[in-house]
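Shown next: entry30.tsv, containing TSV, C-alpha atoms.
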```tsv
chain	number	residue	atom	x	y	z
A	134	MET	CA	2.57	17.32	5.93
A	135	ASN	CA	2.04	17.89	2.21
A	136	THR	CA	-1.60	16.93	1.61
A	137	ILE	CA	-3.84	17.07	-1.47
A	138	TYR	CA	-7.62	16.88	-1.28
A	139	SER	CA	-9.22	15.48	-4.41
A	140	CYS	CA	-11.83	12.89	-5.45
A	141	GLY	CA	-13.19	12.94	-1.91
A	142	ILE	CA	-9.96	11.64	-0.39
A	143	LYS	CA	-6.70	12.97	0.94
A	144	ILE	CA	-3.39	12.14	-0.74
A	145	ASN	CA	0.13	12.82	0.54
A	146	PRO	CA	2.63	13.38	-2.30
A	147	LEU	CA	5.67	12.47	-0.19
A	148	THR	CA	8.97	10.93	-1.22
A	149	VAL	CA	10.23	7.61	0.11
A	150	ASP	CA	12.73	9.53	2.27
A	151	GLU	CA	9.98	11.69	3.76
A	152	ILE	CA	7.78	8.70	4.52
A	153	SER	CA	10.74	6.85	6.00
A	154	THR	CA	11.46	9.78	8.34
A	155	ILE	CA	7.86	9.87	9.55
A	156	VAL	CA	7.83	6.11	10.12
A	157	ASN	CA	11.17	6.09	11.95
A	158	ASP	CA	10.10	8.92	14.24
A	159	TRP	CA	6.81	7.14	14.92
A	160	LEU	CA	8.56	3.93	15.95
A	161	LYS	CA	11.22	5.79	17.89
A	162	TYR	CA	8.61	7.03	20.34
A	163	GLY	CA	6.82	3.68	20.59
A	164	LYS	CA	3.62	4.81	18.91
A	165	LYS	CA	1.12	2.31	17.53
A	166	GLY	CA	-1.21	2.07	14.55
A	167	LEU	CA	0.38	4.23	11.84
A	168	GLN	CA	-1.70	3.46	8.74
A	169	ILE	CA	-0.22	3.81	5.27
A	170	THR	CA	-2.34	3.35	2.13
A	171	GLY	CA	-1.27	3.52	-1.50
A	172	VAL	CA	-3.73	4.70	-4.17
A	173	ASN	CA	-3.73	3.61	-7.78
A	174	LEU	CA	-6.24	2.78	-10.49
A	175	GLU	CA	-7.99	0.11	-8.45
A	176	GLN	CA	-8.30	2.18	-5.30
A	177	ILE	CA	-9.82	5.11	-7.19
A	178	ALA	CA	-12.27	2.71	-8.86
A	179	LEU	CA	-13.28	1.38	-5.45
A	180	ILE	CA	-14.32	4.89	-4.42
A	181	ALA	CA	-17.16	4.53	-6.93
A	182	LYS	CA	-17.96	0.92	-6.03
A	183	ASN	CA	-17.61	0.78	-2.25
A	184	LYS	CA	-19.42	3.36	-0.10
A	185	ASP	CA	-17.01	2.81	2.81
A	186	PHE	CA	-13.77	3.09	0.85
A	187	HIS	CA	-13.46	6.86	1.29
A	188	HIS	CA	-13.38	6.24	5.02
A	189	TYR	CA	-10.67	3.58	4.77
A	190	ILE	CA	-8.39	5.92	2.82
A	191	ASN	CA	-9.10	9.04	4.84
A	192	SER	CA	-8.49	7.22	8.12
A	193	SER	CA	-4.91	6.61	6.96
A	194	ASP	CA	-2.06	8.70	8.31
A	195	ILE	CA	-0.19	8.60	4.99
A	196	VAL	CA	-1.76	8.10	1.55
A	197	ASN	CA	0.95	7.68	-1.08
A	198	ILE	CA	0.54	7.97	-4.85
A	199	ASP	CA	1.20	4.41	-6.04
A	200	GLY	CA	-0.32	4.58	-9.53
A	201	MET	CA	0.87	6.68	-12.45
A	202	ILE	CA	-2.71	7.35	-13.57
A	203	VAL	CA	-3.36	9.06	-10.21
A	204	TYR	CA	-0.12	11.05	-10.57
A	205	TRP	CA	-1.01	12.20	-14.11
A	206	TYR	CA	-4.52	13.20	-13.05
A	207	LEU	CA	-3.30	15.31	-10.13
A	208	LYS	CA	-0.59	16.93	-12.28
A	209	MET	CA	-3.20	17.75	-14.92
A	210	LYS	CA	-5.28	19.47	-12.25
A	211	GLY	CA	-2.32	21.68	-11.35
A	212	PHE	CA	-1.19	20.13	-8.06
A	213	LYS	CA	2.47	20.48	-7.14
A	214	LEU	CA	4.02	17.01	-7.16
A	215	SER	CA	7.62	15.90	-7.02
A	216	GLN	CA	7.14	12.23	-7.87
A	217	ARG	CA	4.90	9.29	-7.23
A	218	THR	CA	5.93	6.92	-4.47
A	219	LEU	CA	5.48	3.24	-5.19
A	220	CYS	CA	4.32	0.95	-2.40
A	221	ALA	CA	7.07	-1.47	-3.44
A	222	ASP	CA	9.76	1.15	-2.84
A	223	ILE	CA	8.31	2.03	0.55
A	224	LEU	CA	8.19	-1.65	1.52
A	225	TYR	CA	11.81	-2.29	0.54
A	226	ARG	CA	12.93	0.79	2.48
A	227	MET	CA	11.05	-0.42	5.57
A	228	LEU	CA	12.61	-3.87	5.30
A	229	ASP	CA	16.08	-2.35	4.95
A	230	THR	CA	15.50	-0.19	8.02
A	231	ALA	CA	14.03	-3.06	10.03
A	232	ASN	CA	17.07	-5.14	9.14
A	233	GLN	CA	19.47	-2.40	10.22
A	234	ARG	CA	17.66	-1.89	13.52
A	235	GLY	CA	16.71	-5.47	14.29
A	236	GLU	CA	13.02	-4.59	14.22
A	237	SER	CA	10.16	-7.08	13.82
A	238	ILE	CA	7.57	-7.70	11.13
A	239	TYR	CA	4.34	-9.70	10.74
A	240	LEU	CA	3.25	-10.94	7.30
A	241	LEU	CA	-0.42	-11.53	6.47
A	242	GLY	CA	-1.66	-12.73	3.11
A	243	ALA	CA	-1.12	-14.94	0.05
A	244	ALA	CA	-1.34	-18.71	-0.25
A	245	GLN	CA	0.49	-20.90	2.27
A	246	ASP	CA	3.22	-22.00	-0.13
A	247	THR	CA	3.80	-18.40	-1.19
A	248	ILE	CA	4.13	-17.06	2.32
A	249	ASP	CA	6.38	-19.97	3.34
A	250	THR	CA	8.72	-19.09	0.47
A	251	LEU	CA	8.44	-15.39	1.28
A	252	VAL	CA	9.51	-15.99	4.87
A	253	LYS	CA	12.57	-17.97	3.70
A	254	ASN	CA	13.52	-15.25	1.21
A	255	ILE	CA	13.18	-12.44	3.75
A	256	LYS	CA	15.26	-14.33	6.31
A	257	ALA	CA	17.99	-14.81	3.70
A	258	ARG	CA	17.97	-11.21	2.46
A	259	TYR	CA	17.34	-9.46	5.79
A	260	PRO	CA	18.99	-11.67	8.44
A	261	GLN	CA	18.89	-9.09	11.24
A	262	LEU	CA	15.16	-8.34	11.21
A	263	ARG	CA	12.81	-10.54	13.21
A	264	ILE	CA	9.76	-12.22	11.71
A	265	ALA	CA	7.43	-12.05	14.69
A	266	GLY	CA	4.72	-14.05	12.94
A	267	TYR	CA	2.93	-14.76	9.68
A	268	HIS	CA	-0.33	-16.20	8.36
A	269	ASN	CA	-1.72	-16.96	4.94
A	270	GLY	CA	-4.57	-14.91	3.51
A	271	PHE	CA	-7.22	-17.60	3.82
A	272	PHE	CA	-9.02	-17.34	7.12
A	273	LYS	CA	-12.52	-16.71	8.43
A	274	ASN	CA	-11.93	-15.64	12.03
A	275	GLU	CA	-10.55	-12.11	11.84
A	276	GLN	CA	-10.54	-11.68	15.61
A	277	GLN	CA	-8.23	-14.68	15.95
A	278	ILE	CA	-5.82	-13.11	13.46
A	279	VAL	CA	-6.00	-9.77	15.25
A	280	ALA	CA	-5.24	-11.48	18.57
A	281	ASP	CA	-2.26	-13.31	17.07
A	282	ILE	CA	-0.79	-10.11	15.60
A	283	ALA	CA	-1.35	-8.22	18.85
A	284	ALA	CA	0.38	-10.97	20.84
A	285	CYS	CA	3.40	-10.77	18.51
A	286	GLN	CA	3.68	-6.96	18.95
A	287	PRO	CA	5.43	-6.37	15.61
A	288	ASP	CA	6.96	-3.08	14.61
A	289	TYR	CA	5.51	-3.53	11.11
A	290	LEU	CA	2.46	-5.36	9.78
A	291	PHE	CA	2.53	-5.99	6.03
A	292	ILE	CA	-0.68	-7.22	4.41
A	293	GLY	CA	-0.33	-8.85	0.99
A	294	MET	CA	-4.01	-9.03	0.11
A	295	PRO	CA	-6.32	-7.25	-2.36
A	296	SER	CA	-8.34	-4.09	-1.83
A	297	PRO	CA	-10.64	-3.37	-0.12
A	298	PHE	CA	-9.76	-6.10	2.40
A	299	LYS	CA	-6.38	-4.74	3.46
A	300	GLU	CA	-7.65	-1.17	3.90
A	301	ARG	CA	-10.74	-2.30	5.78
A	302	PHE	CA	-8.78	-4.66	8.04
A	303	ILE	CA	-6.26	-1.99	9.05
A	304	THR	CA	-8.90	0.71	9.53
A	305	ASN	CA	-11.11	-1.50	11.68
A	306	TYR	CA	-8.43	-3.13	13.80
A	307	LYS	CA	-5.40	-0.85	13.99
A	308	ASP	CA	-6.26	0.17	17.56
A	309	GLN	CA	-6.23	-3.50	18.58
A	310	LEU	CA	-3.24	-4.77	16.60
A	311	ASN	CA	-0.51	-3.54	18.98
A	312	THR	CA	1.56	-2.78	15.89
A	313	GLY	CA	3.73	0.22	15.08
A	314	VAL	CA	3.09	0.53	11.34
A	315	CYS	CA	0.31	-1.08	9.27
A	316	PHE	CA	0.86	-1.18	5.52
A	317	GLY	CA	-1.10	-2.95	2.77
A	318	VAL	CA	1.32	-4.02	0.03
A	319	GLY	CA	-1.00	-5.85	-2.38
A	320	GLY	CA	0.81	-8.27	-4.71
A	321	MET	CA	4.30	-7.70	-3.32
A	322	PHE	CA	4.26	-11.04	-1.47
A	323	ASP	CA	4.05	-12.85	-4.82
A	324	ILE	CA	6.92	-10.79	-6.21
A	325	MET	CA	9.19	-11.25	-3.21
A	326	ALA	CA	8.39	-14.97	-3.13
A	327	GLY	CA	9.37	-15.29	-6.79
A	328	LYS	CA	5.85	-16.09	-7.97
A	329	ALA	CA	5.71	-12.95	-10.12
A	330	LYS	CA	8.21	-10.41	-11.46
A	331	ARG	CA	8.35	-6.70	-10.76
A	332	ALA	CA	8.41	-4.48	-13.83
A	333	PRO	CA	11.88	-3.26	-14.89
A	334	GLU	CA	12.81	0.23	-13.70
A	335	LYS	CA	12.40	1.80	-17.15
A	336	ILE	CA	8.85	0.50	-17.37
A	337	GLN	CA	8.15	1.74	-13.83
A	338	LYS	CA	9.29	5.24	-14.79
A	339	LEU	CA	6.92	5.21	-17.76
A	340	GLY	CA	4.06	4.16	-15.49
A	341	LEU	CA	3.44	1.00	-17.51
A	342	GLU	CA	3.62	-1.61	-14.73
A	343	TRP	CA	0.01	-2.54	-15.49
A	344	LEU	CA	0.99	-3.43	-19.07
A	345	TYR	CA	3.94	-5.48	-17.84
A	346	ARG	CA	1.65	-7.39	-15.46
A	347	ILE	CA	-0.72	-8.11	-18.34
A	348	THR	CA	2.15	-9.75	-20.26
A	349	GLN	CA	2.71	-12.07	-17.29
A	350	ASN	CA	-0.96	-12.95	-16.81
A	351	PRO	CA	-2.91	-11.76	-19.88
A	352	VAL	CA	-6.36	-12.97	-18.83
A	353	GLY	CA	-6.30	-12.21	-15.10
A	354	HIS	CA	-4.63	-8.81	-15.18
A	355	SER	CA	-6.49	-7.62	-18.29
A	356	LYS	CA	-9.77	-8.24	-16.51
A	357	ARG	CA	-8.57	-6.38	-13.40
A	358	VAL	CA	-7.36	-3.35	-15.34
A	359	PHE	CA	-10.42	-2.94	-17.56
A	360	ARG	CA	-12.83	-3.69	-14.71
A	361	ALA	CA	-11.30	-0.78	-12.78
A	362	LEU	CA	-10.72	1.64	-15.66
A	363	ILE	CA	-14.28	2.82	-16.31
A	364	PRO	CA	-15.25	3.51	-12.65
A	365	CYS	CA	-11.86	5.19	-12.11
A	366	MET	CA	-12.44	7.49	-15.09
A	367	GLY	CA	-15.91	8.21	-13.75
A	368	VAL	CA	-14.46	9.38	-10.42
A	369	PHE	CA	-11.87	11.54	-12.19
A	370	ILE	CA	-14.45	13.19	-14.45
A	371	ARG	CA	-16.84	13.82	-11.56
A	372	HIS	CA	-14.14	15.66	-9.63
A	373	LEU	CA	-12.35	17.27	-12.57
A	374	PHE	CA	-13.56	20.81	-11.89
A	375	GLU	CA	-13.61	20.74	-8.11
A	376	LYS	CA	-11.67	23.44	-6.26
A	377	ARG	CA	-7.98	22.58	-6.03
A	378	GLU	CA	-6.88	22.24	-2.39
A	379	GLN	CA	-3.37	21.46	-1.17
A	380	THR	CA	-1.71	22.12	2.19
A	381	PHE	CA	1.96	21.93	3.13
```

Can you turn what I pasted into structure tokens?
Amino acid sequence: MNTIYSCGIKINPLTVDEISTIVNDWLKYGKKGLQITGVNLEQIALIAKNKDFHHYINSSDIVNIDGMIVYWYLKMKGFKLSQRTLCADILYRMLDTANQRGESIYLLGAAQDTIDTLVKNIKARYPQLRIAGYHNGFFKNEQQIVADIAACQPDYLFIGMPSPFKERFITNYKDQLNTGVCFGVGGMFDIMAGKAKRAPEKIQKLGLEWLYRITQNPVGHSKRVFRALIPCMGVFIRHLFEKREQTF
């Protein structure tokens, strides 16, 4: 597998098709606990803020380049990259495949009204997939949630919650979840429930989704971006002259 080692973490510059092939083969043989993690501005910033975050990323089986700032940085350092791979695109591919194959999913995260709407929208758009279970993102008893997911035995677990919760939850519990694929999808629940809009394709290609999100929520998203920007730049500068390492 194409793997880059930089900033103390591993990154897999794979296409959606390549990730889809790995996932399909994994599920075909009934394997459990495939962990997929996307890295963007906020994840790189968390490397500086959270001493355990390296571990959460490096425990993943696939680490996709979700943010354009990460893509630009790696390109600047001379790594061979074909494209970045957005978590949203991976999620939609998984849902399409699950629908075609009649596979099951579990949804964890967001407010109750959001996840209720999300479930209705997924059922309408993907009528052949099975929603094995779902739960909002407001809970205190993690073991109870883990037990519920494990009892449902979903092919896919999608977690629509912020970092570092989703990465920590999957890392700590993937051996107990009885789930084929575990994937943290951040704010995609809000988008698929119609609570927020995804950036147009042209803006995605320019890597300006963050600016588009600021226009939708100027105060909230501005704070998130600028709170993450300085620690992210610090990580990049600290690792700027490290030895370039990439395996295929």

Spatial neighbours of A:Lys253, max dist 9 Å, only C-alpha atoms, sep filter under 5 positions, as a list of chain:residue names: A:Ile248, A:Arg258, A:Ala326

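Between A:Arg263 and the residues A:Arg234, A:Lys307, A:Lys164, A:Arg360, the shortest atom-to-atom distance, using all atoms listed in the file, involves A:Arg234.
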
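Across the structure, atom CA of A:Gly171 and atom CA of A:Pro260 are spaced 27.2 Å apart.
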
Env of A:Leu224: 10 Å cut, atoms = all atoms listed in the file, seq-sep filter 2 positions within chain, self excluded. Answer as a CSV table (one decimal) with C-alpha atoms, in the frame of the given file.
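Written output follows (selection34.csv):
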```
chain,number,residue,atom,x,y,z
A,149,VAL,CA,10.2,7.6,0.1
A,153,SER,CA,10.7,6.8,6.0
A,219,LEU,CA,5.5,3.2,-5.2
A,220,CYS,CA,4.3,1.0,-2.4
A,221,ALA,CA,7.1,-1.5,-3.4
A,222,ASP,CA,9.8,1.2,-2.8
A,226,ARG,CA,12.9,0.8,2.5
A,227,MET,CA,11.0,-0.4,5.6
A,228,LEU,CA,12.6,-3.9,5.3
A,229,ASP,CA,16.1,-2.4,5.0
A,230,THR,CA,15.5,-0.2,8.0
A,291,PHE,CA,2.5,-6.0,6.0
A,316,PHE,CA,0.9,-1.2,5.5
A,317,GLY,CA,-1.1,-3.0,2.8
A,318,VAL,CA,1.3,-4.0,0.0
A,321,MET,CA,4.3,-7.7,-3.3
```

Atom-to-atom span, atom CA of A:Gly141 and atom CA of A:Ala181, Å: 10.6 Å

Nearby residues (all atoms listed in the file) at most 12 Å from A:Leu167, same-chain spacing under 4 positions excluded, as an NGL selection string: :A and (152 or 155-160 or 163 or 192-196 or 288-291 or 303-304 or 306-308 or 310-317)

Contacts of A:Gln276 within 10 Å, only C-alpha atoms, excl. fewer than 5 positions in-chain, as a list of chain:residue names: A:Asp281, A:Ile282, A:Tyr306, A:Gln309

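The residue that comes closest to A:Asp246, out of A:Lys328, A:Lys213, A:Lys182, A:Lys208 and on the basis of all atoms listed in the file, is A:Lys328.
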
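Take atom CA of A:Gly166 and atom CA of A:Gln245: the distance between them is 26.1 Å.
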
Distance query A:Leu207 at most 12 Å, all atoms listed in the file, self and fewer than 5 positions along chain excluded, as a ChimeraX atom specification: /A:136-140,143-146,173,198,200-202,212-217,369,372-375,377-379

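Each of A:Tyr267, A:Tyr189, A:Phe272, A:Phe381 was compared to A:Glu300 using only C-alpha atoms, and A:Tyr189 turns out to be the nearest.
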
Option closest in space to A:Thr170, from A:Phe302, A:Phe271, A:Phe359, A:Tyr225 [counting all atoms listed in the file]: A:Phe302

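With distances restricted to all atoms listed in the file, A:Cys365 is the closest residue to A:Val172 from A:Met294, A:Leu240, A:Cys365, A:Ile264.
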
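Among the candidate residues A:Ala329, A:Leu262, A:Ala257, A:Ile370, the one lying nearest to A:Glu236 is A:Leu262, with distances computed using all atoms listed in the file.
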